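Data first, discussion second: the structure below is written as structure tokens.
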Amino acid sequence: MRLSGSRLTVERGGRIVFSNLSFGLDAGGSLTVTGPNGAGKSTLLRALAGLLPLSGGTISCTPLSGGTLAEQAHYVGHADALKNLLTVTENLQFLAAMLDAGYGGMPVETALAELGLSHAADLPVAYLSAGQKRRAALAKLLVVKRPLWLLDEPLTALDAASQARMAKVMAAHLAHGGMIVAATHAKLGLPGQELRLGVLA
Amino acid sequence: MKIGQDAQANPALGSSLYALFVRDMRAGRRIGGGTSLGVVFFLILITLSAFAIGPDLALLGKIAPAILWISGLLATLLGLDRLFQADHEDGSLDLLLTSGTPLELIVLVKCLAHWILTGLPLAAAAPFFGLMLDLPANELWSVALSLLAGTPALTLIGAIGAALTVSLRRGGLLFAVLILPLCVPVLIFGVAAAGAGAGSMVPFATPFLILCALTLIAIAGAPFAAALALRQTST
């Protein structure tokens, strides 16, 4: 599987966020997107997830086994996409059924154990701390398998132990032929390329 | 297993929609009061109307279908502006958009869950509240039946407004301004069916069947309109 973008341009509210951006990513590869605030890191990720229209350029993914690129991708944005009133397990069971792309995935308990969140499985999300919510949101990466991970600041609010766990999870995903595009200010320790976005005047 | 090569062609559509239905029902029931709050609001609106009109029983009985329907309309729209907004704010709308499930079906399932939690209890409570307004006994059933057939249309029309105002923080008033005029046909035939008792000139079936037709049109059209609005506004 190969993901490539060529001459990508995104415009928001009449302002060009970035233009003529190109990259290529092979199975098992990762792309760390860095740059100062406002450089368009989140915008690039949202465009890859199909949540923002491109005003120029093309994103191609070959071979695409059924569905659109968005359906092959996990998008983890700034918001955790969890329902506060439901428990962690209920949230993940919902996401497992909703996001299932036909690749299978881990049982919810195993995924929570992997991220050290087993003790909070039956708590409503509203009671969790920011870091615990983040881990619950990241657990969906394991509960549903999708080849491409689009991670926007995945380590926000995570403690050192959780960051190490997440690094292991990401390494395992790459080792299995997955791909990661991550926007971050922190050191993720991903082996692949780095894409540095500049600030536009 | 190598990922990226052996996806099954069609992940079960039914199970994802069922999961969405269960999630919305659970979340809806756990919001303080859930179903009962809508019914209490319905009761308060009816009581306020009765107090405003005064103790003229003959007049109350005559306009009871209209009072019940206007109250039902307002109680149905209560909280409907949040139908997609909550998902938009916590980021789960982004996931629904990347789920591979058609957005039109997602809208339909969310409306179904919302209607079961708000519209259905109203229809069930209407005959009892009708007694308070001295509604003739033979019209108790026609009011309940007309609300049962008409409130799904209100929920679905409301979904269009909810989708249009999804990214607005204080979209509630705009939502009402957009949606209430569109509810007029449903209101007209709803009240006509509700008031079509034994003494009426019009048989119950005529306005009731038109009301059913309006609901069917809403089921067929509103999900597409709402999904289009969601795709436009969420990007």
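We name chains A, B, ... following the order of the structure tokens; residues begin at 1 in each chain, and ligands are numbered from 1 as shown.
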| Hey, what's within 8 Å of Gly105 of chain A if we count only C-alpha atoms and toss same-chain stuff fewer than 4 positions away? As a ChimeraX atom specification, please? | /A:142-145
Would you mind listing what lies within 10 Å of segment 135-146 of chain B as a compact mmCIF listing (two decimals) with N, CA, C and O atoms, in the first residue's frame, with only C-alpha atoms counted and same-chain residues fewer than 4 positions away left out?
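The result, stored in around04.txt:
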```txt
# COMPACT_ATOMS: atom_id res chain seq x y z
N LEU B 57 -65.13 25.79 29.67
CA LEU B 57 -64.91 24.39 29.27
C LEU B 57 -65.29 24.12 27.82
O LEU B 57 -64.61 23.38 27.12
N ALA B 58 -66.37 24.75 27.36
CA ALA B 58 -66.81 24.51 25.98
C ALA B 58 -65.76 24.98 24.99
O ALA B 58 -65.43 24.28 24.03
N LEU B 60 -62.51 25.47 25.66
CA LEU B 60 -61.30 24.64 25.82
C LEU B 60 -61.41 23.35 25.02
O LEU B 60 -60.49 22.96 24.31
N GLY B 61 -62.58 22.69 25.17
CA GLY B 61 -62.78 21.42 24.48
C GLY B 61 -62.69 21.58 22.98
O GLY B 61 -62.19 20.71 22.26
N LYS B 62 -63.17 22.74 22.51
CA LYS B 62 -63.20 22.99 21.07
C LYS B 62 -61.79 23.20 20.50
O LYS B 62 -61.46 22.73 19.41
N ILE B 63 -60.96 23.95 21.25
CA ILE B 63 -59.62 24.24 20.72
C ILE B 63 -58.55 23.31 21.28
O ILE B 63 -57.36 23.47 20.99
N ALA B 64 -58.97 22.30 22.05
CA ALA B 64 -58.00 21.37 22.65
C ALA B 64 -57.08 20.71 21.62
O ALA B 64 -55.87 20.62 21.84
N PRO B 65 -57.61 20.24 20.46
CA PRO B 65 -56.69 19.61 19.50
C PRO B 65 -55.57 20.56 19.07
O PRO B 65 -54.41 20.15 18.96
N ALA B 66 -55.95 21.84 18.86
CA ALA B 66 -54.93 22.81 18.45
C ALA B 66 -53.90 23.03 19.55
O ALA B 66 -52.68 23.08 19.29
N LEU B 68 -53.08 20.96 21.96
CA LEU B 68 -52.24 19.76 22.09
C LEU B 68 -51.21 19.70 20.97
O LEU B 68 -50.05 19.32 21.19
N TRP B 69 -51.61 20.09 19.76
CA TRP B 69 -50.68 19.98 18.64
C TRP B 69 -49.57 21.03 18.70
O TRP B 69 -48.41 20.72 18.45
N LEU B 120 -42.58 9.81 20.66
CA LEU B 120 -43.42 8.68 21.09
C LEU B 120 -44.05 8.91 22.47
O LEU B 120 -45.26 8.72 22.64
N LEU B 122 -44.80 11.70 23.82
CA LEU B 122 -45.82 12.75 23.69
C LEU B 122 -47.13 12.17 23.20
O LEU B 122 -48.21 12.48 23.73
N ALA B 123 -47.04 11.31 22.16
CA ALA B 123 -48.24 10.70 21.61
C ALA B 123 -48.94 9.86 22.68
O ALA B 123 -50.17 9.84 22.77
N ALA B 124 -48.13 9.18 23.50
CA ALA B 124 -48.70 8.32 24.53
C ALA B 124 -49.36 9.15 25.64
O ALA B 124 -50.37 8.75 26.20
N ALA B 125 -48.79 10.32 25.94
CA ALA B 125 -49.30 11.14 27.04
C ALA B 125 -50.48 12.00 26.61
O ALA B 125 -51.26 12.44 27.46
N ALA B 126 -50.61 12.25 25.28
CA ALA B 126 -51.61 13.21 24.80
C ALA B 126 -53.04 12.91 25.24
O ALA B 126 -53.76 13.84 25.63
N PRO B 127 -53.52 11.64 25.20
CA PRO B 127 -54.92 11.41 25.62
C PRO B 127 -55.17 11.83 27.07
O PRO B 127 -56.23 12.38 27.38
N PHE B 128 -54.19 11.60 27.95
CA PHE B 128 -54.37 11.94 29.37
C PHE B 128 -54.41 13.46 29.55
O PHE B 128 -55.22 13.99 30.30
N PHE B 129 -53.53 14.16 28.81
CA PHE B 129 -53.52 15.61 28.92
C PHE B 129 -54.75 16.21 28.23
O PHE B 129 -55.20 17.29 28.60
N GLY B 130 -55.27 15.49 27.24
CA GLY B 130 -56.49 15.93 26.57
C GLY B 130 -57.66 15.98 27.55
O GLY B 130 -58.51 16.87 27.48
N LEU B 131 -57.69 15.06 28.50
CA LEU B 131 -58.74 15.04 29.51
C LEU B 131 -58.76 16.34 30.30
O LEU B 131 -59.82 16.88 30.63
N GLY B 150 -47.70 12.17 13.03
CA GLY B 150 -47.15 13.44 12.59
C GLY B 150 -45.81 13.82 13.20
O GLY B 150 -45.00 14.48 12.54
N THR B 151 -45.55 13.40 14.45
CA THR B 151 -44.29 13.83 15.09
C THR B 151 -43.03 13.32 14.38
O THR B 151 -42.02 14.02 14.39
N VAL B 186 -47.64 20.11 8.37
CA VAL B 186 -47.85 19.01 9.33
C VAL B 186 -48.84 19.46 10.41
O VAL B 186 -49.74 18.71 10.81
N LEU B 187 -48.70 20.71 10.86
CA LEU B 187 -49.58 21.24 11.90
C LEU B 187 -51.03 21.29 11.41
O LEU B 187 -51.95 20.87 12.10
N PHE B 189 -52.63 19.60 8.97
CA PHE B 189 -53.30 18.31 8.82
C PHE B 189 -53.32 17.53 10.13
O PHE B 189 -54.22 16.73 10.37
N GLY B 190 -52.35 17.80 11.00
CA GLY B 190 -52.36 17.17 12.32
C GLY B 190 -53.55 17.62 13.13
O GLY B 190 -54.29 16.80 13.69
N VAL B 191 -53.79 18.93 13.18
CA VAL B 191 -54.92 19.46 13.95
C VAL B 191 -56.24 19.02 13.30
O VAL B 191 -57.19 18.67 14.01
N ALA B 192 -56.26 19.00 11.96
CA ALA B 192 -57.48 18.57 11.28
C ALA B 192 -57.82 17.12 11.63
O ALA B 192 -58.98 16.80 11.89
N ALA B 193 -56.80 16.27 11.64
CA ALA B 193 -57.03 14.86 11.99
C ALA B 193 -57.41 14.73 13.46
O ALA B 193 -58.32 13.98 13.82
N ALA B 194 -56.72 15.48 14.31
CA ALA B 194 -56.97 15.37 15.75
C ALA B 194 -58.39 15.82 16.09
O ALA B 194 -59.03 15.25 16.98
N GLY B 195 -58.89 16.84 15.38
CA GLY B 195 -60.21 17.38 15.70
C GLY B 195 -61.35 16.69 14.95
O GLY B 195 -62.50 17.09 15.10
N ALA B 196 -61.01 15.69 14.15
CA ALA B 196 -62.03 15.04 13.34
C ALA B 196 -62.77 13.97 14.14
O ALA B 196 -62.60 12.78 13.92
N GLY B 197 -63.55 14.41 15.11
CA GLY B 197 -64.32 13.47 15.93
C GLY B 197 -65.66 13.18 15.28
O GLY B 197 -65.84 13.38 14.08
N ALA B 198 -66.61 12.75 16.10
CA ALA B 198 -67.92 12.35 15.60
C ALA B 198 -68.68 13.54 15.01
O ALA B 198 -69.34 13.41 13.98
N GLY B 199 -68.56 14.72 15.65
CA GLY B 199 -69.36 15.87 15.22
C GLY B 199 -68.75 16.65 14.07
O GLY B 199 -69.31 17.63 13.61
N PHE B 204 -62.14 11.38 9.73
CA PHE B 204 -60.78 11.29 10.29
C PHE B 204 -59.76 10.88 9.23
O PHE B 204 -58.64 11.40 9.18
N ALA B 205 -60.17 9.94 8.36
CA ALA B 205 -59.20 9.34 7.44
C ALA B 205 -58.55 10.35 6.50
O ALA B 205 -57.35 10.25 6.21
N PRO B 207 -57.64 13.83 6.55
CA PRO B 207 -56.43 14.53 6.98
C PRO B 207 -55.37 13.58 7.53
O PRO B 207 -54.16 13.82 7.37
N PHE B 208 -55.83 12.46 8.13
CA PHE B 208 -54.86 11.53 8.72
C PHE B 208 -53.98 10.90 7.65
O PHE B 208 -52.76 10.77 7.83
N LEU B 209 -54.57 10.54 6.51
CA LEU B 209 -53.77 9.93 5.44
C LEU B 209 -52.81 10.95 4.83
O LEU B 209 -51.68 10.61 4.48
N LEU B 211 -51.51 13.38 6.50
CA LEU B 211 -50.46 13.48 7.54
C LEU B 211 -49.45 12.34 7.39
O LEU B 211 -48.23 12.56 7.44
N CYS B 212 -49.97 11.13 7.18
CA CYS B 212 -49.07 9.98 6.98
C CYS B 212 -48.20 10.20 5.74
O CYS B 212 -47.01 9.89 5.75
```
| message | Just want the 8 Å neighbourhood of segment 20-22 of chain B, counted on only C-alpha atoms, with same-chain residues fewer than 5 positions away dropped. Output as a PyMOL selection string. | response | (chain A and resi 94+98) or (chain B and resi 106+109-110+112-113)
| message | At a cut-off of 10 Å, which residues of chain A touch chain B? Count only C-alpha atoms and give the answer as a ChimeraX atom specification. | response | /A:1-2,12,27,46-47,49-53,62-86,90-91,93-104,145-148,173,175-179
| Using only C-alpha atoms, which of the listed residues (B:Pro203, B:Gly38, B:Pro185, B:Gly172) sits closest to Ala75 of chain B? |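 Of B:Pro203, B:Gly38, B:Pro185, B:Gly172, the one nearest Ala75 of chain B, counting only C-alpha atoms, is B:Gly38.
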Find the residues around Ala39 of chain A up to 7 Å (only C-alpha atoms counted), leave out those fewer than 2 positions away in its own chain, and share them as a JSON list (two decimals) with N, CA, C and O atoms, in the first residue's frame.
```
[["chain", "number", "residue", "atom", "x", "y", "z"],
["A", 35, "GLY", "N", 5.94, 21.79, 12.64],
["A", 35, "GLY", "CA", 5.83, 23.18, 12.22],
["A", 35, "GLY", "C", 5.18, 23.99, 13.32],
["A", 35, "GLY", "O", 4.54, 23.43, 14.21],
["A", 36, "PRO", "N", 5.36, 25.30, 13.25],
["A", 36, "PRO", "CA", 4.80, 26.16, 14.29],
["A", 36, "PRO", "C", 3.28, 26.17, 14.27],
["A", 36, "PRO", "O", 2.66, 25.69, 13.32],
["A", 37, "ASN", "N", 2.67, 26.73, 15.32],
["A", 37, "ASN", "CA", 1.21, 26.84, 15.38],
["A", 37, "ASN", "C", 0.69, 27.57, 14.15],
["A", 37, "ASN", "O", 1.29, 28.54, 13.71],
["A", 41, "LYS", "N", -0.81, 21.97, 10.13],
["A", 41, "LYS", "CA", -0.64, 20.53, 10.42],
["A", 41, "LYS", "C", -1.99, 19.82, 10.54],
["A", 41, "LYS", "O", -2.23, 18.81, 9.89],
["A", 197, "LEU", "N", 6.23, 21.97, 7.94],
["A", 197, "LEU", "CA", 5.42, 23.02, 7.33],
["A", 197, "LEU", "C", 5.89, 24.36, 7.86],
["A", 197, "LEU", "O", 6.15, 24.51, 9.04],
["A", 198, "GLY", "N", 6.00, 25.34, 6.96],
["A", 198, "GLY", "CA", 6.43, 26.66, 7.38],
["A", 198, "GLY", "C", 5.25, 27.53, 7.72],
["A", 198, "GLY", "O", 4.11, 27.14, 7.57],
["A", 199, "VAL", "N", 5.52, 28.71, 8.21],
["A", 199, "VAL", "CA", 4.43, 29.66, 8.43],
["A", 199, "VAL", "C", 4.29, 30.48, 7.16],
["A", 199, "VAL", "O", 5.27, 30.83, 6.52]]
```
List the neighbours of Leu25 of chain A out to 8 Å using only C-alpha atoms; skip same-chain residues closer than 4 positions along the sequence, and give me the result as a PDB file with C-alpha atoms, in the first residue's frame.
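Full text of result_19.pdb as output:
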```
ATOM      1  CA  ARG A   2       1.319   3.434  -0.896  1.00  0.00           C
ATOM      2  CA  LEU A   3      -0.082   6.797   0.062  1.00  0.00           C
ATOM      3  CA  SER A   4       1.032   9.866  -1.792  1.00  0.00           C
ATOM      4  CA  GLY A  29       6.299   4.107   6.791  1.00  0.00           C
ATOM      5  CA  SER A  30       5.539   7.105   8.901  1.00  0.00           C
ATOM      6  CA  LEU A  31       5.383  10.817   8.304  1.00  0.00           C
ATOM      7  CA  MET A 179       1.125   3.769   7.970  1.00  0.00           C
TER       8      MET A 179
END
```
| When DSSP works through the backbone of this structure, what residues of segment 77-183 of chain B end up as helix (DSSP H, G or I), shown as a count of residues only? | 85
| request: Give me the residues within 7 Å of segment 128-136 of chain A as a PyMOL selection string, counting only C-alpha atoms and dropping any in the same chain fewer than 4 places off. | output: chain A and resi 80+88+115+157-158
Write the residues you've just listed into a file as a PDB file, in the first residue's frame, and include C-alpha atoms for each of them.
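Wrote it out as result_12.pdb, contents follow:
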```
ATOM      1  CA  ASP A  80     -11.571  12.842  21.781  1.00  0.00           C
ATOM      2  CA  VAL A  88     -15.325   3.774  28.186  1.00  0.00           C
ATOM      3  CA  LEU A 115      -3.020   1.264  27.010  1.00  0.00           C
ATOM      4  CA  ALA A 157      -1.857  15.072  28.210  1.00  0.00           C
ATOM      5  CA  LEU A 158      -0.286  11.596  28.340  1.00  0.00           C
TER       6      LEU A 158
END
```
| In Å, how far is it from atom CA of Met201 of chain B to atom CA of Leu148 of chain B? | 22.5 Å
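Between atom CA of Leu230 of chain B and atom CA of Phe84 of chain B there is a distance of 8.6 Å.
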